[in-house]
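Trainee: Supplied in structure tokens, the structure appears directly below.
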Amino acid sequence: MNQYINKPTPAFIAVSWVALLAGAAAYCVGLFNAQILLNEKGYYLILILYGLFSAVSLQKVVRDKLEGQPVTAIYYGLCWASVVICIVLLALGLWNATMALSEKGFYIMAFLLSLFGAVAVQKNIRDLEYLRTNSQSELPQPHAVQQVEVKELETPEDKF
């Protein structure tokens, strides 16, 4: 599996966290400021939470399969279905919402940015953990140093 894993750069780690936090913060601030009913705000809040969870779960199960860990077909299918259902529910909610078209687009973009950020952050965490645990076991173990007594041999040429 090691041929697939490279250490993520600090820049990619930072961008992943920025994407997750910026997307989630923008979505939540937009939701807080929206002129919609409280039950609609709850619906959109649950969708972002469900979406983040399902995206991370899908990333984990795909990675598990790549690493050869056993994954049941039902769980794999449920993870994909959860991501699709979440996006469809967001699309249906926004289609029927009485918001401006720009506001609907804002929610979609913030939602997708959050999902991307969550998957990237989870991937980075898993890559770094994998590299940390496997690099420690692959390091050469210190060997006991044996002292060897070295004797000089005297040859006939040394006598002159």
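By convention here, the chains of the structure tokens are called A, B, ... in the order presented, each chain's residues are numbered starting at 1, and ligands are numbered starting at 1 in the order presented.
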Please, which residues in region 10-115 of chain A fall within 12 Å of region 128-134 of chain A when counting only C-alpha atoms, and what is the closest atom pair and distance in Å to one decimal for each, ordered by chain then residue number, as JSON lines?
Mentor:
{"residue": "A:Pro10", "atom": "CA", "partner": "A:Leu128", "partner_atom": "CA", "distance": 11.2}
{"residue": "A:Ile13", "atom": "CA", "partner": "A:Leu128", "partner_atom": "CA", "distance": 10.3}
{"residue": "A:Arg63", "atom": "CA", "partner": "A:Tyr130", "partner_atom": "CA", "distance": 11.6}
{"residue": "A:Glu67", "atom": "CA", "partner": "A:Tyr130", "partner_atom": "CA", "distance": 10.8}
Trainee: Point out the residue among A:Val62, A:Ala73, A:Ala110, A:Val88 with the least atom-to-atom distance to Gly30 (chain A), counting only C-alpha atoms.
Mentor: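 Once distances to Gly30 (chain A) are computed over only C-alpha atoms, the minimum belongs to A:Ala110.
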Trainee: Please extract the residues of region 3-115 of chain A with a backbone DSSP assignment of helix (DSSP H, G or I) and present them as a ChimeraX atom specification.
Mentor: /A:3-4,10-33,38-66,73-96,101-115
Trainee: Using only C-alpha atoms, which residue out of A:Ile108, A:Leu58, A:Ala11, A:Pro70 lies closest to Trp95 (chain A)?
Mentor: A:Ile108
Trainee: Check the smallest atom-to-atom distance from each of A:Ile87, A:Ala34, A:Val121, A:Ala14 to Ala100 (chain A) using only C-alpha atoms, then report the winner.
Mentor: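 Going through A:Ile87, A:Ala34, A:Val121, A:Ala14 one by one, the smallest distance to Ala100 (chain A) is for A:Ala34.
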Trainee: Have a look at CA of Tyr75 (chain A) and CA of Ser54 (chain A) and let me know their distance in Å, one decimal.
Mentor: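 Interatomic distance here is 11.4 Å.
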